[in-house]
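Data first, discussion second: the structure below is written as structure tokens.
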Amino acid sequence: MSSLDELAHRGGTWLARSAAAPRRHTAAVVADRFDRVTWRDTYEQSAGLREVAEELNERYDYATDLLIDVFLAAYKVGPRLREPEEMDPSRLVNHQIITALVESRQFAELHRETAGDPYAAAMAVLAQAAALRGMLERLRGAQERGERAGKAQREAEGAAGLVGEALRRAVDEGDEGGAVPDAAADAVRRAIEDAEAAEAAARQAADGAAQALAAAVPGIRAAARNAAAQAAEGAREEGALMRAWGVGPGELERMPFDQRARLAERLGTGRLARWAELIGRFRQMAVGERARKVENATGELVGVTLGNDLSRVIPSELANLGLPELRAVFAARYAAGELMLYDSQGEQTTGQGAIIACVDTSHSMYEAGPGGVTREAWAKACALALLDQARAAGRDFVGILFAAADKVQVFRFPAEQPAGIDRVVDFAETFLGGGTSYQAPLSVACEVLGEEFNDAARRRGDIVMITDDECGVTEEWMRGWNDAKRLLGFRVFGVAVGAARAAEAGSVLEALCDNLRGVEDLGDVHGAADLFRVI
């Protein structure tokens, strides 16, 4: 017979270990249920994520868990990683990869582009897929050791549990004096010996896995830095591309995943993909020129003068109306024409009707100027900035693409309707090819302004003619053109891109336009800057 106290002393430690066995996690990034729902929704929408997961899972264990961690690290505003001791040994490789990514400076740059944006986080995962594959391959040996360590740990925990079961049986079989039958006591001792052996094996397996993982760390860190840098560059480029095309963060957040992916691919591979930076600069320039406008003034702000035009009174003068004792002084200065006013010069008032951009898309518009910018790219970038101008002023915009007399295509963007990005891209990417006719697009522009006048009684539209060629018009057509201008009160601005002779005195374009300029440096967006102060 053996003493129960003796057995309890030896087995109590194992009983405590069994009860206190910590929960081992399979996810390195701490996440709540909302994060997990976001991942599931994104995974279901992204064919690319599913393809990468399927490919990696064919060769590596727990690859989907790794993709989830990479996604959540990019998506969560403040991602927090678990300690290695909290991880299931089989997921320590995933933990090491995520740690290397998150701790790199390049990841911080990536995270600025992806935080809170499921689509951008998914794109970051896809951008790093090749690097993840390489890191998993490099860590294949460490992964195998980790799995053996995980198995050994589970066996050790199971052995500790068997000690508890043996002790409970010994207690049940013991007598009131604390004596335990030899068979039950031997069972407890064997369980303890097995638990000690299992713990030693688990410790040895864990040390081996840790050593294998540590040996691969330098290479993993370098690969993680490169992967994060590449993903960050891709995220920045796509963000800049969307901004250049006028797609704001709010619109992107509302856009379904597949639609956003298709849009990004289209903008990145379309006709004007190379010129996104030019388009963005044009739009930024136009915003700056709009800011220089003075509401209801006749030109560019140049200083302060005296007068009694209440539409141009400076704010400090208007403030006098708020003080009863100064109202009489204000009235006297108004009567004497001595109020301080914003002074402007040199430009006419802005239009009220539609803004119409007639863009030449004949074969010669393919030609590139200094810096490699094509005439088409400059013209389309200017037209897109004019679209923004119309939206900002609450005016209709009409894009008329033209080439030969039988090649005209019209894109309408009414002020009261959203300018859908797909329609905008259709307008920008359409190229007709062929020769050049002035009469065809300008006749269509007159028809558009005539319809607007008849339907809404709006006059004073603005037509911007962008071309690189000279073209004759008939006398009869010219008479009709001048009659339409007098009736509808529209203005015509001409821009000759890369074709100085088309802007020369005595040219047909000069006869057609109220304001004409030539642009030779197609890399300079400021050649048309004044248009955005007067249109």
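We label chains A, B, ... in the order they appear in the structure tokens, count residues from 1 in each chain, and number ligands from 1 in the order shown.
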Exercise: stretch 425-440 of chain A partners within 8 Å, only C-alpha atoms, chain neighbours under 6 positions left out, as a count of residues only: 26
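Look at A:Val444: the protein and nucleic acid residues within 10 Å of it, using only C-alpha atoms and passing over chain neighbours fewer than 2 places away, are Cys358, Ile400, Val408, Gln409, Val410, Gln439, Ala440, Pro441, Leu442, Cys446, Glu447, Val448, Leu449 and Gly450 of chain A.
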Write the residues you've just listed into a file as a short mmCIF file (atom, residue, chain, number, x, y, z; two decimals), in the first residue's frame, and include all heavy atoms for each of them.
data_model
loop_
_atom_site.label_atom_id
_atom_site.label_comp_id
_atom_site.auth_asym_id
_atom_site.auth_seq_id
_atom_site.Cartn_x
_atom_site.Cartn_y
_atom_site.Cartn_z
N CYS A 358 -14.49 71.04 -77.24
CA CYS A 358 -14.36 70.36 -78.53
C CYS A 358 -12.91 69.89 -78.66
O CYS A 358 -12.01 70.73 -78.75
CB CYS A 358 -14.72 71.30 -79.68
SG CYS A 358 -16.43 71.86 -79.66
N ILE A 400 -17.16 67.15 -76.81
CA ILE A 400 -17.36 66.80 -78.21
C ILE A 400 -16.02 66.37 -78.79
O ILE A 400 -15.10 67.19 -78.90
CB ILE A 400 -17.94 67.98 -79.01
CG1 ILE A 400 -19.29 68.42 -78.41
CG2 ILE A 400 -18.10 67.60 -80.49
CD1 ILE A 400 -19.89 69.64 -79.10
N VAL A 408 -17.83 62.52 -85.24
CA VAL A 408 -18.10 63.37 -84.07
C VAL A 408 -18.80 62.52 -83.03
O VAL A 408 -19.73 61.78 -83.35
CB VAL A 408 -18.99 64.58 -84.43
CG1 VAL A 408 -19.33 65.37 -83.18
CG2 VAL A 408 -18.31 65.47 -85.46
N GLN A 409 -18.35 62.59 -81.79
CA GLN A 409 -19.00 61.85 -80.70
C GLN A 409 -19.22 62.80 -79.54
O GLN A 409 -18.31 63.53 -79.14
CB GLN A 409 -18.15 60.65 -80.28
CG GLN A 409 -18.89 59.69 -79.35
CD GLN A 409 -18.20 58.34 -79.26
OE1 GLN A 409 -17.34 58.00 -80.08
NE2 GLN A 409 -18.59 57.54 -78.29
N VAL A 410 -20.41 62.78 -78.98
CA VAL A 410 -20.82 63.73 -77.95
C VAL A 410 -21.01 63.01 -76.62
O VAL A 410 -21.68 61.97 -76.56
CB VAL A 410 -22.12 64.46 -78.35
CG1 VAL A 410 -22.53 65.46 -77.27
CG2 VAL A 410 -21.95 65.16 -79.70
N GLN A 439 -16.10 72.61 -88.79
CA GLN A 439 -17.53 72.88 -88.89
C GLN A 439 -18.38 71.86 -88.13
O GLN A 439 -19.34 72.22 -87.46
CB GLN A 439 -17.97 72.92 -90.36
CG GLN A 439 -17.48 74.13 -91.11
CD GLN A 439 -18.03 74.18 -92.53
OE1 GLN A 439 -17.55 74.93 -93.37
NE2 GLN A 439 -19.06 73.39 -92.83
N ALA A 440 -18.01 70.59 -88.25
CA ALA A 440 -18.84 69.54 -87.64
C ALA A 440 -18.96 69.69 -86.13
O ALA A 440 -20.08 69.75 -85.59
CB ALA A 440 -18.29 68.17 -88.02
N PRO A 441 -17.85 69.77 -85.37
CA PRO A 441 -18.01 69.88 -83.91
C PRO A 441 -18.61 71.20 -83.47
O PRO A 441 -19.39 71.24 -82.51
CB PRO A 441 -16.57 69.72 -83.40
CG PRO A 441 -15.71 70.15 -84.53
CD PRO A 441 -16.43 69.72 -85.77
N LEU A 442 -18.25 72.29 -84.15
CA LEU A 442 -18.78 73.60 -83.73
C LEU A 442 -20.27 73.71 -84.03
O LEU A 442 -21.01 74.37 -83.29
CB LEU A 442 -17.99 74.72 -84.41
CG LEU A 442 -16.53 74.84 -83.94
CD1 LEU A 442 -15.80 75.91 -84.73
CD2 LEU A 442 -16.45 75.14 -82.44
N CYS A 446 -23.14 74.51 -81.27
CA CYS A 446 -24.20 75.50 -81.41
C CYS A 446 -25.57 74.87 -81.15
O CYS A 446 -26.44 75.49 -80.52
CB CYS A 446 -24.16 76.10 -82.83
SG CYS A 446 -22.95 77.40 -83.03
N GLU A 447 -25.77 73.66 -81.65
CA GLU A 447 -27.04 72.98 -81.41
C GLU A 447 -27.28 72.75 -79.92
O GLU A 447 -28.39 72.93 -79.42
CB GLU A 447 -27.05 71.65 -82.15
CG GLU A 447 -27.08 71.77 -83.67
CD GLU A 447 -26.92 70.43 -84.37
OE1 GLU A 447 -26.91 69.39 -83.64
OE2 GLU A 447 -26.80 70.40 -85.60
N VAL A 448 -26.22 72.34 -79.21
CA VAL A 448 -26.35 72.10 -77.76
C VAL A 448 -26.73 73.39 -77.04
O VAL A 448 -27.64 73.41 -76.20
CB VAL A 448 -25.03 71.55 -77.19
CG1 VAL A 448 -25.05 71.55 -75.67
CG2 VAL A 448 -24.76 70.15 -77.73
N LEU A 449 -26.05 74.49 -77.37
CA LEU A 449 -26.34 75.77 -76.71
C LEU A 449 -27.72 76.29 -77.12
O LEU A 449 -28.41 76.93 -76.32
CB LEU A 449 -25.26 76.78 -77.04
CG LEU A 449 -23.87 76.46 -76.48
CD1 LEU A 449 -22.83 77.48 -76.95
CD2 LEU A 449 -23.90 76.42 -74.96
N GLY A 450 -28.14 76.01 -78.37
CA GLY A 450 -29.47 76.41 -78.80
C GLY A 450 -30.54 75.65 -78.03
O GLY A 450 -31.56 76.23 -77.62
#
A:Ala503 surroundings by only C-alpha atoms, 9 Å radius, close-in-sequence under 3 positions cut, as number ranges by chain: A: 470, 494-496, 499-500, 506-510, 516-518
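Coordinates place atom CA of A:Ala122 at a distance of 10.8 Å from atom CA of A:Ala73.
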All helix (DSSP H, G or I) positions in stretch 411-508 of chain A, as number ranges by chain: A: 421-429, 439-456, 475-488, 500-503, 508
With C-alpha atoms retained, could you export that selection as a short mmCIF file (atom, residue, chain, number, x, y, z; two decimals), in the first residue's frame?
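What ended up in part_29.cif:
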data_model
loop_
_atom_site.label_atom_id
_atom_site.label_comp_id
_atom_site.auth_asym_id
_atom_site.auth_seq_id
_atom_site.Cartn_x
_atom_site.Cartn_y
_atom_site.Cartn_z
CA ILE A 421 -16.34 57.80 -63.45
CA ASP A 422 -16.99 55.13 -66.10
CA ARG A 423 -18.60 57.73 -68.36
CA VAL A 424 -15.74 60.15 -67.71
CA VAL A 425 -13.20 57.49 -68.66
CA ASP A 426 -15.20 56.64 -71.79
CA PHE A 427 -14.95 60.29 -72.83
CA ALA A 428 -11.25 60.51 -72.09
CA GLU A 429 -10.25 57.27 -73.79
CA GLN A 439 -17.53 72.88 -88.89
CA ALA A 440 -18.84 69.54 -87.64
CA PRO A 441 -18.01 69.88 -83.91
CA LEU A 442 -18.78 73.60 -83.73
CA SER A 443 -22.16 73.05 -85.39
CA VAL A 444 -22.95 70.42 -82.76
CA ALA A 445 -21.84 72.84 -80.03
CA CYS A 446 -24.20 75.50 -81.41
CA GLU A 447 -27.04 72.98 -81.41
CA VAL A 448 -26.35 72.10 -77.76
CA LEU A 449 -26.34 75.77 -76.71
CA GLY A 450 -29.47 76.41 -78.80
CA GLU A 451 -31.29 73.58 -77.03
CA GLU A 452 -30.20 74.96 -73.66
CA PHE A 453 -31.46 78.42 -74.63
CA ASN A 454 -34.82 77.07 -75.79
CA ASP A 455 -35.32 74.73 -72.82
CA ALA A 456 -33.92 76.82 -69.94
CA GLU A 475 -18.68 81.55 -95.95
CA GLU A 476 -22.27 80.40 -95.55
CA TRP A 477 -21.40 78.39 -92.46
CA MET A 478 -19.46 81.36 -91.05
CA ARG A 479 -22.49 83.63 -91.43
CA GLY A 480 -24.63 81.13 -89.55
CA TRP A 481 -21.94 80.82 -86.86
CA ASN A 482 -21.84 84.59 -86.28
CA ASP A 483 -25.63 84.77 -86.16
CA ALA A 484 -25.68 82.01 -83.52
CA LYS A 485 -23.03 83.81 -81.45
CA ARG A 486 -25.09 87.00 -81.42
CA LEU A 487 -28.26 85.16 -80.48
CA LEU A 488 -26.84 82.84 -77.83
CA ALA A 500 1.80 77.49 -83.86
CA ARG A 501 0.57 78.33 -87.36
CA ALA A 502 -3.02 77.47 -86.39
CA ALA A 503 -2.87 80.28 -83.83
CA VAL A 508 -9.40 80.44 -89.50
#
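Atom CA of A:Leu310 sits 26.6 Å away from atom CA of A:Ala390.
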Strand (DSSP E or B) call set, DSSP backbone run, stretch 354-454 of chain A, as an MDAnalysis selection string: chainID A and resid 355:360 368 374 397:402 408:413
